[in-house]
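To keep things clear, I will list the structure first and then write my remarks on it.
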Amino acid sequence: MGAIPTQRETASRAGGAPAPADGHPQTRTTLTGSSLAPGAARDLVRAALTEWAGLGLTGPAAEELGEGATLVVSELVTNAVVHAGTDVDVVLRLEHPAEPEHRAVVVEVTDRHPSRAPRDGMPDAVYETPEYGRGLRLVAALADAWGVTYHRSAKTVWARLLPGGEPHEERTAQAGAAGDGPPAASLSFAEALAPDPHPSARDRDWLGRGALSFLAEASDLLAGQLDEDLVAALTGQLIVPRLADWCAVWLEDELSGRWDSPRPGGAGSAGGWDAGGPGPQLARVWHISENHVEELRRALEKDPPVPPDGLRSGPAAHPWPATVLGTHGVALAYRLIAGGRPLGTLVIGRAGLLRFPDEVTGLVEDLGRRVALAIGAARQYARQVTISAVLQRGLLPGAVAEIPGVRSALVHEPREQGGPSGDFYDLFPAGDGRWCFAVGDVQGKGPEAAVVIGLARPWLRLLAREGYGVADVLDRLNQLLLDDATEAADAAARAFVGPAGPGDGPQTRFLSLLYGELAPFEGGVRCTLASAGHPLPLLLGPDGSVITAAQPQTLLGVIEDATYTSETLVLRPGDSLLCVTDGVTERRSGSRQFDDGDGLAAALSGCAGLDADLIADRIRRLVHEFGGQPPEDDLALLVLQAE
């Protein structure tokens with residue numbers, strides 16, 4: 001970006017502001033201010049430096065420049081996201097690529113909060129484990145020069161890095177010293193990320209600097225996991241064999257299990273665990289020798305870790321399992337704490353040592369915080385999935401009614417497995433020889449959609465059983481959605497996302513619905529139906545002919561005084577009625593949709609002669625095969641076939 005004439009202040013440790021980009025290779029991007037931004041910035045740096053190295057622009061220092069630039073951009077973007085909270089512009093520039101003695105990489109990170117100074121490192125609160133990064137102390141340690149440039153509407157923090165990843169003066173003083181630079185830390189596999197547990201001078205440098213790359217990579221690896229057992233497994237791969245000979249992960253039940261006060265061997269407790277709870281569960285055990293895993297597991301299960309007073313992440317001494325691994329070794333326990341809640345314990349061990357190096361214990365403690373955050377996120381996801389599954393089961397019928405003279409087949413696939421889905425269906429007896437069916441789609445997803453479905457489906461059943469006709473049911477349901485459903489859905493939205501902002505009034509919750517009534521008689525089934533803003537039903541004859549079976553009408557919950565009408569047709573033996581949601585008709589493949597050019601009618605025509613189950617299965621398969629990616633919307637379809 002270069003120096004800006006309107007800058008108010010520039011703070012730097014050495015040198016001046018970055019040079020202009022004229023003639024220098026560079027790449028830039030704008031990132032959304034979210035937790036994903038640091039990882040995206042690291043990917044940008046790696047990709048750019050890999051490209052420049054392939055062009056021979058970085059020379060033999062490509063690896064060193066890449067490691068330092070990755071660390072710096074990760075810290076600066078983390079700082080900007082956490083403390084400015086705005087979108088972030090990232091620029092990476094290679095200066096003087098043809099002059100090895102002057103070659104440098106410049107990183108610039110710009111946020112939209114010029115009045116807030118960049119954060120330097122400061123200790124976290126005792127009960128918190130936020131991902132704040134290490135502040136500008138890391139940048140100062142790695143950069144030859146760095147600075148902050150303030151503009152009227154933005155703030156840029158920049159850093160210039162030279163090969164070797166340390167200040168120019170220090171590197172010049174050390175020129176000719178023995179030893180290579182630190183090895184690359186950005187490796188793909190968990191086992192290759194950690195440093196050697198017996199650090200040489202070179203490895204101590206890795207632990208001091210490259211360990212941050214390890215933690216960044218570990219964070220990316222753990223953050224994508226939504227299963228706590230898999231998080232525990234990855235933790236073992238990260239630690240063994242490079243940081244320790246073995247490790248074990250205990251997981252605690254936050255609700256039913258609670259640590260009692262530490263009472264090793266105390267009455268009524270097992271090693272300090274409250275006997276009233278289930279105790280910690282030994283989720284994973286890793287050892288450099290697979291032959292020792294099972295016997296080590298048995299030994300550790302007999303001696304679970306004892307938590308310290310208060311919520312402290314450790315490290316704390318842990319008994320060495322001498323019966324399995326011999327008499328000489330050291331073991332440490334780290335409490336896994338996130339959001340002020342204990343989630344488990346990580347134990348590491350190394351044979352042949354009296355104590356772990358401080359660099360290793362500090363690195364494992366930092367890793368433990370990230371493991372705890374990943375476990376907490378996985379548990380939160382599991383809770384949400386459970387709640388959604390319970391909601392989904394409550395919103396759909398437990399069983400589909402069997403109708404004399406009619407075969408039915410149903411497909412219901414929420415986009416997010418476990419739901420709750422915005423699509424719903426029902427097929428139920430209404431009395432007096434009538435059965436009613438419904439296929440609907442609520443605006444939106446999640447709890448707001450669940451509230452609307454939770455009101456609409458019971459009201460459909462109630463009105464139908466009270467003897468209201470198809471059109472009258474839609475009239476009354478429309479009014480319900482304009483009144484109670486809107487209020488209830490807004491309450492659900494506030495509960496999940498917080499209060500509405502200024503000027504955010506109640507939002508209309510509309511519903512598309514295909515609703516009908518079936519009355520079997522000798523020789524066929526009388527079907528009365530109406531479509532309110534829903535994909536129109538299709539009627540398939542035994543000869544393969546396909547016709548539209550209803551007329552389009554207004555969505556429910558949009559117009560207060562809307563009046564709906566119904567139509568009646570007769571299903572003769574072999575006739576099949578297909579009812580779908582827009583997850584079928586609007587299934588995309590590039591710019592095309594499944595129902596373009598009457599695609600659904602053509603697909604249904606090819607189902608002539610098939611029974612209801614086979615028709616439903618074929619339409620579902622054709623919808624899935626239409627696009628190269630999985631469907632992006634909920635999908636529901638109902639087939640009703642006269643026997």
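Ordered as shown in the structure tokens, chains take letters A, B, and onward, while each chain numbers its residues from 1 and ligands are numbered from 1 in the order shown.
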*Spatial neighbours of A:Ile453, 8 Å, only C-alpha atoms, chain gap at least 4 places, as a PyMOL selection string*: chain A and resi 395+422+424+442+449+457
- Task: List every residue of stretch 45-101 of chain A that DSSP, applied to the backbone of this structure, assigns to strand (DSSP E or B), and report them as a PyMOL selection string.
- Result: chain A and resi 88-95
Need the shell around stretch 154-163 of chain A: protein/DNA/RNA residues with any atom at most 8 Å away, counting only C-alpha atoms. Skip same-chain ones fewer than 5 positions apart. Format as a PyMOL selection string? chain A and resi 17-18+61-62+64-65+68-69+72+76+103-114+118+139+142-149+168
Using only N, CA, C and O atoms, please write the residues we just selected to a file, as a CSV table (one decimal), in the first residue's frame.
```
chain,number,residue,atom,x,y,z
A,17,ALA,N,8.3,2.6,6.5
A,17,ALA,CA,7.1,1.9,6.0
A,17,ALA,C,7.4,1.1,4.8
A,17,ALA,O,8.4,1.2,4.1
A,18,PRO,N,6.5,0.1,4.4
A,18,PRO,CA,6.8,-0.7,3.3
A,18,PRO,C,6.9,0.0,2.0
A,18,PRO,O,6.3,1.1,1.8
A,61,ALA,N,15.7,-19.4,0.1
A,61,ALA,CA,15.1,-19.0,1.4
A,61,ALA,C,13.6,-19.2,1.4
A,61,ALA,O,12.9,-18.7,2.3
A,62,ALA,N,13.0,-19.8,0.4
A,62,ALA,CA,11.6,-19.9,0.3
A,62,ALA,C,10.9,-20.5,1.6
A,62,ALA,O,9.9,-20.0,2.1
A,64,GLU,N,12.1,-20.6,4.7
A,64,GLU,CA,12.2,-19.8,5.9
A,64,GLU,C,11.2,-18.6,5.8
A,64,GLU,O,10.5,-18.2,6.7
A,65,LEU,N,11.2,-18.0,4.6
A,65,LEU,CA,10.3,-16.9,4.4
A,65,LEU,C,8.8,-17.3,4.5
A,65,LEU,O,8.0,-16.6,5.1
A,68,GLY,N,7.9,-17.8,8.4
A,68,GLY,CA,7.8,-16.5,9.1
A,68,GLY,C,6.6,-15.8,8.6
A,68,GLY,O,5.8,-15.2,9.4
A,69,ALA,N,6.3,-15.7,7.3
A,69,ALA,CA,5.2,-14.9,6.8
A,69,ALA,C,3.9,-15.6,7.2
A,69,ALA,O,2.9,-14.9,7.5
A,72,VAL,N,3.3,-14.6,10.9
A,72,VAL,CA,3.0,-13.1,11.0
A,72,VAL,C,1.6,-12.9,10.5
A,72,VAL,O,0.8,-12.2,11.2
A,76,LEU,N,-1.5,-11.3,12.8
A,76,LEU,CA,-2.0,-10.0,12.5
A,76,LEU,C,-3.5,-10.1,12.2
A,76,LEU,O,-4.3,-9.2,12.5
A,103,ARG,N,16.4,-9.3,-0.7
A,103,ARG,CA,15.1,-9.9,-0.9
A,103,ARG,C,14.3,-9.9,0.5
A,103,ARG,O,14.9,-10.2,1.5
A,104,ALA,N,13.0,-9.6,0.4
A,104,ALA,CA,12.2,-9.6,1.6
A,104,ALA,C,10.7,-9.8,1.3
A,104,ALA,O,10.3,-9.6,0.1
A,105,VAL,N,10.0,-10.3,2.3
A,105,VAL,CA,8.5,-10.5,2.1
A,105,VAL,C,7.8,-9.4,3.0
A,105,VAL,O,8.2,-9.3,4.2
A,106,VAL,N,6.9,-8.7,2.5
A,106,VAL,CA,6.1,-7.7,3.3
A,106,VAL,C,4.7,-8.2,3.4
A,106,VAL,O,4.0,-8.6,2.4
A,107,VAL,N,4.2,-8.2,4.6
A,107,VAL,CA,2.8,-8.6,5.0
A,107,VAL,C,2.1,-7.3,5.4
A,107,VAL,O,2.6,-6.6,6.3
A,108,GLU,N,0.9,-7.1,4.9
A,108,GLU,CA,0.1,-5.9,5.3
A,108,GLU,C,-1.3,-6.4,5.6
A,108,GLU,O,-1.9,-7.1,4.8
A,109,VAL,N,-1.8,-6.0,6.8
A,109,VAL,CA,-3.2,-6.4,7.2
A,109,VAL,C,-3.9,-5.1,7.6
A,109,VAL,O,-3.5,-4.4,8.5
A,110,THR,N,-5.0,-4.9,6.9
A,110,THR,CA,-5.8,-3.6,7.1
A,110,THR,C,-7.1,-4.0,7.6
A,110,THR,O,-7.8,-4.8,7.1
A,111,ASP,N,-7.5,-3.3,8.7
A,111,ASP,CA,-8.9,-3.4,9.2
A,111,ASP,C,-9.6,-2.1,9.1
A,111,ASP,O,-9.0,-1.0,8.8
A,112,ARG,N,-10.9,-2.0,9.4
A,112,ARG,CA,-11.7,-0.8,9.3
A,112,ARG,C,-12.0,-0.1,10.6
A,112,ARG,O,-13.0,0.6,10.8
A,113,HIS,N,-11.1,-0.3,11.5
A,113,HIS,CA,-11.3,0.3,12.9
A,113,HIS,C,-10.0,1.1,13.2
A,113,HIS,O,-9.2,0.7,14.0
A,114,PRO,N,-9.9,2.3,12.6
A,114,PRO,CA,-8.6,3.0,12.8
A,114,PRO,C,-8.4,3.5,14.2
A,114,PRO,O,-7.2,3.8,14.6
A,118,PRO,N,-3.6,-1.8,17.8
A,118,PRO,CA,-3.4,-3.3,17.7
A,118,PRO,C,-3.0,-3.8,19.1
A,118,PRO,O,-2.4,-3.1,19.9
A,139,VAL,N,5.3,-10.6,16.2
A,139,VAL,CA,5.7,-9.9,15.0
A,139,VAL,C,7.1,-9.2,15.2
A,139,VAL,O,7.9,-9.2,14.3
A,142,LEU,N,10.0,-11.6,14.9
A,142,LEU,CA,10.2,-12.2,13.6
A,142,LEU,C,10.6,-11.2,12.5
A,142,LEU,O,11.3,-11.6,11.5
A,143,ALA,N,10.1,-10.0,12.6
A,143,ALA,CA,10.2,-9.1,11.5
A,143,ALA,C,11.5,-8.3,11.6
A,143,ALA,O,12.0,-7.9,12.6
A,144,ASP,N,12.0,-7.9,10.4
A,144,ASP,CA,13.2,-7.0,10.3
A,144,ASP,C,12.7,-5.6,10.6
A,144,ASP,O,13.4,-4.7,11.2
A,145,ALA,N,11.4,-5.3,10.2
A,145,ALA,CA,10.8,-4.0,10.5
A,145,ALA,C,9.3,-4.2,10.5
A,145,ALA,O,8.8,-5.0,9.7
A,146,TRP,N,8.6,-3.5,11.3
A,146,TRP,CA,7.2,-3.5,11.3
A,146,TRP,C,6.6,-2.2,11.8
A,146,TRP,O,7.3,-1.4,12.3
A,147,GLY,N,5.4,-1.9,11.5
A,147,GLY,CA,4.8,-0.7,11.8
A,147,GLY,C,3.3,-0.7,11.7
A,147,GLY,O,2.7,-1.6,11.2
A,148,VAL,N,2.7,0.4,12.2
A,148,VAL,CA,1.2,0.6,12.2
A,148,VAL,C,1.0,2.0,11.4
A,148,VAL,O,1.5,3.0,11.9
A,149,THR,N,0.2,1.9,10.4
A,149,THR,CA,-0.1,3.1,9.7
A,149,THR,C,-1.6,3.4,9.8
A,149,THR,O,-2.4,2.5,9.4
A,168,HIS,N,17.4,-8.1,11.0
A,168,HIS,CA,18.5,-8.0,10.1
A,168,HIS,C,19.8,-7.9,10.9
A,168,HIS,O,20.8,-8.5,10.6
```
Note to self: Residues within 12 Å of A:Thr327, please, as a ChimeraX atom specification. Count only C-alpha atoms; anything in the same chain fewer than 5 positions from it doesn't count.
What the structure shows: /A:319-322,350-354
